[in-house]
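What follows is one structure encoded as structure tokens, with my remarks underneath.
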There are 2 protein chains.
Amino acid sequence: MNEDQALSAFAALSNKSRLSVVRCLVQAGPEGMTAGDIARRVGGSPSQTSFHLSSLSENGLISSERQARRIIYRVEYQRIGDLVHFLLEDCCGGNPIVRSCCEPRQGC
Amino acid sequence: MNEDQALSAFAALSNKSRLSVVRCLVQAGPEGMTAGDIARRVGGSPSQTSFHLSSLSENGLISSERQARRIIYRVEYQRIGDLVHFLLEDCCGGNPIVRSCCEPRQGC
DNA sequence: TTATCATTTCAATTATATTTGAAATATAAT
DNA sequence: ATTATATTTCAAATATAATTGAAATGATAA
């Protein structure tokens, strides 16, 4: 992941509705969730939610697949991992304080 | 770190100038860097840079200390670590793919 | 093939963020 | 005291992002 991609990914995650979408999809797991269900769950209008889903898709943080007339969205863990990696290595030079926050039980 | 703090931190890091500031301060190390030097380094006007430094400070991503007529800024690794932790645990539920990207050599 | 459902797209509005340059503040030097 | 340096603050202008509601698209069912 390069700098511009990281900047866009940070922008995508800096919006409350979009962060909710990501969390929804993490909860939903590998089956994913349809656009309509996501909209209902995060409490947004269809067009509003579609706008946010596009933003997350364009950044590769989620992916989509058409299934009949629904569109199913799924979280892309690898891409979020790439962002974490960018933050740790490219941005913070592998600093041990930051890296220690990746351990489950480490008081961060 | 709570959700609102994470949202603000993502917003802070989603700007090119501000991300440059953070990288500058990582390079500078524990001695930190004065506002003026940061401005010159990232190629921004004093007032513009001050605006971005405020944004990063308010989010706790950097800290400042007055030294005579200069103000020295330093990166707050712990806070960036907290954000990484939020992304890994609160947002992604400790997903192993994301967590594996914290390892230095793991192809992320 | 007409109607319905799920979603996206678009243009207009509203809201938020950033830049700009001048003025204000704070500290130090002459 | 006056001047110079370092930084911030402020208001105005500009740029970017988000919301809204109506219309368009795509897929299925009657």
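The way I read the labels, and the way they are meant: chains A, B, ... in the order of the structure tokens, residue 1 as the first residue of every chain, and ligand 1 as the first ligand shown, with later ones counted on from there.
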Superposed chain A (ref. Chain B, all C-alpha pairs in order) as an mmCIF file with C-alpha atoms, in the first residue's frame:
data_model
loop_
_atom_site.group_PDB
_atom_site.id
_atom_site.type_symbol
_atom_site.label_atom_id
_atom_site.label_comp_id
_atom_site.auth_asym_id
_atom_site.auth_seq_id
_atom_site.Cartn_x
_atom_site.Cartn_y
_atom_site.Cartn_z
ATOM 1 C CA MET A 1 -9.359 4.946 22.775
ATOM 2 C CA ASN A 2 -13.084 5.256 22.015
ATOM 3 C CA GLU A 3 -14.838 5.430 18.658
ATOM 4 C CA ASP A 4 -15.002 9.225 18.430
ATOM 5 C CA GLN A 5 -11.313 9.509 19.197
ATOM 6 C CA ALA A 6 -10.532 6.925 16.533
ATOM 7 C CA LEU A 7 -12.674 8.777 13.982
ATOM 8 C CA SER A 8 -10.809 12.023 14.706
ATOM 9 C CA ALA A 9 -7.449 10.291 14.561
ATOM 10 C CA PHE A 10 -8.278 8.779 11.162
ATOM 11 C CA ALA A 11 -9.351 12.217 9.938
ATOM 12 C CA ALA A 12 -6.090 13.712 11.202
ATOM 13 C CA LEU A 13 -4.034 11.099 9.351
ATOM 14 C CA SER A 14 -6.046 11.398 6.130
ATOM 15 C CA ASN A 15 -4.361 14.652 5.135
ATOM 16 C CA LYS A 16 -1.106 14.622 3.160
ATOM 17 C CA SER A 17 0.501 17.517 5.039
ATOM 18 C CA ARG A 18 -0.396 16.070 8.419
ATOM 19 C CA LEU A 19 0.860 12.616 7.522
ATOM 20 C CA SER A 20 4.120 14.270 6.422
ATOM 21 C CA VAL A 21 4.340 16.016 9.769
ATOM 22 C CA VAL A 22 3.994 12.709 11.589
ATOM 23 C CA ARG A 23 6.682 11.124 9.434
ATOM 24 C CA CYS A 24 8.950 14.114 10.007
ATOM 25 C CA LEU A 25 8.575 13.733 13.743
ATOM 26 C CA VAL A 26 9.192 9.991 13.582
ATOM 27 C CA GLN A 27 12.459 10.758 11.758
ATOM 28 C CA ALA A 28 13.335 13.504 14.206
ATOM 29 C CA GLY A 29 13.130 11.059 17.098
ATOM 30 C CA PRO A 30 12.939 11.947 20.808
ATOM 31 C CA GLU A 31 14.484 15.395 20.322
ATOM 32 C CA GLY A 32 11.451 16.439 18.327
ATOM 33 C CA MET A 33 11.367 19.334 15.902
ATOM 34 C CA THR A 34 10.333 22.984 16.074
ATOM 35 C CA ALA A 35 7.221 24.262 14.334
ATOM 36 C CA GLY A 36 9.321 26.358 11.969
ATOM 37 C CA ASP A 37 11.568 23.469 10.967
ATOM 38 C CA ILE A 38 8.525 21.281 10.400
ATOM 39 C CA ALA A 39 6.935 23.970 8.221
ATOM 40 C CA ARG A 40 10.099 24.265 6.112
ATOM 41 C CA ARG A 41 10.454 20.491 5.866
ATOM 42 C CA VAL A 42 6.891 19.819 4.726
ATOM 43 C CA GLY A 43 6.782 22.981 2.595
ATOM 44 C CA GLY A 44 3.865 24.763 4.199
ATOM 45 C CA SER A 45 3.311 28.322 5.400
ATOM 46 C CA PRO A 46 3.663 28.958 9.147
ATOM 47 C CA SER A 47 -0.053 29.467 9.670
ATOM 48 C CA GLN A 48 -0.970 26.490 7.564
ATOM 49 C CA THR A 49 1.447 24.264 9.414
ATOM 50 C CA SER A 50 0.257 25.579 12.761
ATOM 51 C CA PHE A 51 -3.284 24.652 11.742
ATOM 52 C CA HIS A 52 -2.223 21.088 10.987
ATOM 53 C CA LEU A 53 -0.100 20.818 14.125
ATOM 54 C CA SER A 54 -3.125 21.853 16.195
ATOM 55 C CA SER A 55 -5.236 19.167 14.609
ATOM 56 C CA LEU A 56 -2.643 16.485 15.373
ATOM 57 C CA SER A 57 -2.145 17.821 18.909
ATOM 58 C CA GLU A 58 -5.852 17.891 19.690
ATOM 59 C CA ASN A 59 -5.999 14.243 18.731
ATOM 60 C CA GLY A 60 -3.036 13.437 20.954
ATOM 61 C CA LEU A 61 -1.009 12.080 18.047
ATOM 62 C CA ILE A 62 1.764 14.593 18.752
ATOM 63 C CA SER A 63 2.685 16.667 21.787
ATOM 64 C CA SER A 64 4.324 20.059 22.185
ATOM 65 C CA GLU A 65 6.600 21.824 24.623
ATOM 66 C CA ARG A 66 7.693 25.441 24.571
ATOM 67 C CA GLN A 67 11.440 25.999 24.627
ATOM 68 C CA ALA A 68 12.263 29.715 24.704
ATOM 69 C CA ARG A 69 10.543 31.132 21.674
ATOM 70 C CA ARG A 70 10.359 27.891 19.791
ATOM 71 C CA ILE A 71 7.750 25.210 20.214
ATOM 72 C CA ILE A 72 9.023 21.678 19.948
ATOM 73 C CA TYR A 73 6.748 18.943 18.684
ATOM 74 C CA ARG A 74 7.147 15.218 19.200
ATOM 75 C CA VAL A 75 5.272 12.183 17.936
ATOM 76 C CA GLU A 76 3.205 10.265 20.504
ATOM 77 C CA TYR A 77 3.824 6.649 19.628
ATOM 78 C CA GLN A 78 1.512 5.432 22.360
ATOM 79 C CA ARG A 79 -1.439 7.238 20.824
ATOM 80 C CA ILE A 80 -0.719 5.823 17.388
ATOM 81 C CA GLY A 81 -0.468 2.434 19.068
ATOM 82 C CA ASP A 82 -3.883 3.003 20.621
ATOM 83 C CA LEU A 83 -5.281 3.662 17.167
ATOM 84 C CA VAL A 84 -3.706 0.494 15.799
ATOM 85 C CA HIS A 85 -5.188 -1.383 18.724
ATOM 86 C CA PHE A 86 -8.626 0.112 18.022
ATOM 87 C CA LEU A 87 -8.404 -0.966 14.391
ATOM 88 C CA LEU A 88 -7.281 -4.475 15.294
ATOM 89 C CA GLU A 89 -9.538 -5.216 18.237
ATOM 90 C CA ASP A 90 -12.562 -2.899 18.385
ATOM 91 C CA CYS A 91 -12.995 -2.658 14.654
ATOM 92 C CA CYS A 92 -11.806 -5.995 13.301
ATOM 93 C CA GLY A 93 -12.463 -8.215 16.323
ATOM 94 C CA GLY A 94 -8.859 -9.416 16.514
ATOM 95 C CA ASN A 95 -8.968 -10.956 13.061
ATOM 96 C CA PRO A 96 -5.799 -13.015 12.436
ATOM 97 C CA ILE A 97 -5.257 -11.729 8.881
ATOM 98 C CA VAL A 98 -5.119 -8.159 10.135
ATOM 99 C CA ARG A 99 -3.003 -9.100 13.130
ATOM 100 C CA SER A 100 -0.501 -10.961 10.977
ATOM 101 C CA CYS A 101 0.254 -7.658 9.214
ATOM 102 C CA CYS A 102 1.832 -6.408 12.426
ATOM 103 C CA GLU A 103 4.736 -8.832 11.975
ATOM 104 C CA PRO A 104 7.722 -7.135 10.272
ATOM 105 C CA ARG A 105 8.189 -9.777 7.565
ATOM 106 C CA GLN A 106 4.772 -11.014 6.527
ATOM 107 C CA GLY A 107 4.195 -9.765 2.962
ATOM 108 C CA CYS A 108 1.594 -7.103 3.761
#
Residues near region 9-19 of chain D, cut-off 8 Å, only C-alpha atoms (C1' of nucleotides), skip fewer than 5 positions along chain, as an NGL selection string | (:A and (48)) or (:C and (14-20 or 24))
Generate the output file for the selected residues, C-alpha atoms (C1' of nucleotides), as a JSON list (two decimals), in the first residue's frame.
[["chain", "number", "residue", "atom", "x", "y", "z"],
["A", 48, "GLN", "CA", -26.58, 7.59, 1.40],
["C", 14, "DT", "C1'", -25.83, 21.86, 3.00],
["C", 15, "DA", "C1'", -21.94, 21.04, 5.92],
["C", 16, "DT", "C1'", -17.05, 20.64, 6.90],
["C", 17, "DA", "C1'", -12.14, 21.28, 5.99],
["C", 18, "DT", "C1'", -8.32, 23.85, 4.09],
["C", 19, "DT", "C1'", -5.82, 27.82, 2.45],
["C", 20, "DT", "C1'", -4.59, 32.53, 2.67],
["C", 24, "DA", "C1'", -1.99, 39.24, 17.62]]
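Every chain C residue lying within 8 Å of chain A, based on only C-alpha atoms (C1' of nucleotides), is listed here: DC5, DA6, DT7 and DT8 of chain C.
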I need the residues from that last selection saved to file as a PDB file, in the first residue's frame (with N, CA and C atoms (P, O5', C5', C4', C3', O3' and C1' of nucleotides)), if you can.
ATOM      1  P    DC C   5     -42.572  -4.813  -4.179  1.00  0.00           P
ATOM      2  O5'  DC C   5     -41.015  -5.157  -4.115  1.00  0.00           O
ATOM      3  C5'  DC C   5     -40.582  -6.489  -4.378  1.00  0.00           C
ATOM      4  C4'  DC C   5     -39.080  -6.466  -4.585  1.00  0.00           C
ATOM      5  C3'  DC C   5     -38.327  -5.663  -3.517  1.00  0.00           C
ATOM      6  O3'  DC C   5     -37.318  -6.509  -2.986  1.00  0.00           O
ATOM      7  C1'  DC C   5     -37.663  -5.012  -5.707  1.00  0.00           C
ATOM      8  P    DA C   6     -36.399  -5.999  -1.787  1.00  0.00           P
ATOM      9  O5'  DA C   6     -35.104  -5.532  -2.582  1.00  0.00           O
ATOM     10  C5'  DA C   6     -34.236  -6.504  -3.145  1.00  0.00           C
ATOM     11  C4'  DA C   6     -33.028  -5.794  -3.700  1.00  0.00           C
ATOM     12  C3'  DA C   6     -32.338  -4.860  -2.701  1.00  0.00           C
ATOM     13  O3'  DA C   6     -30.971  -5.230  -2.638  1.00  0.00           O
ATOM     14  C1'  DA C   6     -32.778  -3.735  -4.744  1.00  0.00           C
ATOM     15  P    DT C   7     -29.984  -4.471  -1.652  1.00  0.00           P
ATOM     16  O5'  DT C   7     -29.419  -3.330  -2.623  1.00  0.00           O
ATOM     17  C5'  DT C   7     -28.719  -3.730  -3.803  1.00  0.00           C
ATOM     18  C4'  DT C   7     -28.518  -2.544  -4.718  1.00  0.00           C
ATOM     19  C3'  DT C   7     -27.730  -1.386  -4.121  1.00  0.00           C
ATOM     20  O3'  DT C   7     -26.384  -1.509  -4.563  1.00  0.00           O
ATOM     21  C1'  DT C   7     -29.457  -0.699  -5.611  1.00  0.00           C
ATOM     22  P    DT C   8     -25.312  -0.354  -4.243  1.00  0.00           P
ATOM     23  O5'  DT C   8     -25.522   0.613  -5.500  1.00  0.00           O
ATOM     24  C5'  DT C   8     -25.403   0.075  -6.809  1.00  0.00           C
ATOM     25  C4'  DT C   8     -25.712   1.150  -7.830  1.00  0.00           C
ATOM     26  C3'  DT C   8     -24.777   2.358  -7.786  1.00  0.00           C
ATOM     27  O3'  DT C   8     -24.261   2.512  -9.102  1.00  0.00           O
ATOM     28  C1'  DT C   8     -27.049   3.049  -7.803  1.00  0.00           C
TER      29       DT C   8
END
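The two atoms in question, C1' of DG26 (chain D) and C1' of DT13 (chain C), are spaced 28.6 Å apart.
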Can you list, as a list in words, all residues belonging to region 44-107 of chain A that DSSP tags as strand (DSSP E)?
-> Ile62, Ser63, Ser64, Glu65, Arg66, Gln67, Arg70, Ile71, Ile72, Tyr73, Arg74 and Val75 of chain A
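Computed from the coordinates, the C1' of DT5 (chain D) to C1' of DA23 (chain C) distance equals 16.0 Å.
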Residue with smallest distance to chain A - pool D:DA30, D:DA22, D:DA1, D:DA6, counting only C-alpha atoms (C1' of nucleotides) =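 That would be D:DA22, the residue with the smallest distance to chain A.
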Could you please determine the separation between C1' of DT4 (chain C) and C1' of DT28 (chain D) in Å, to one decimal place?
->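 That distance, rounded to one decimal, is 8.5 Å.
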Using the chain letters and numbers from this document, which residues of region 9-105 of chain A does DSSP assign to alpha helix (DSSP H), as a ChimeraX atom specification?
-> /A:9-13,16-28,35-42,46-58,77-85,96-100
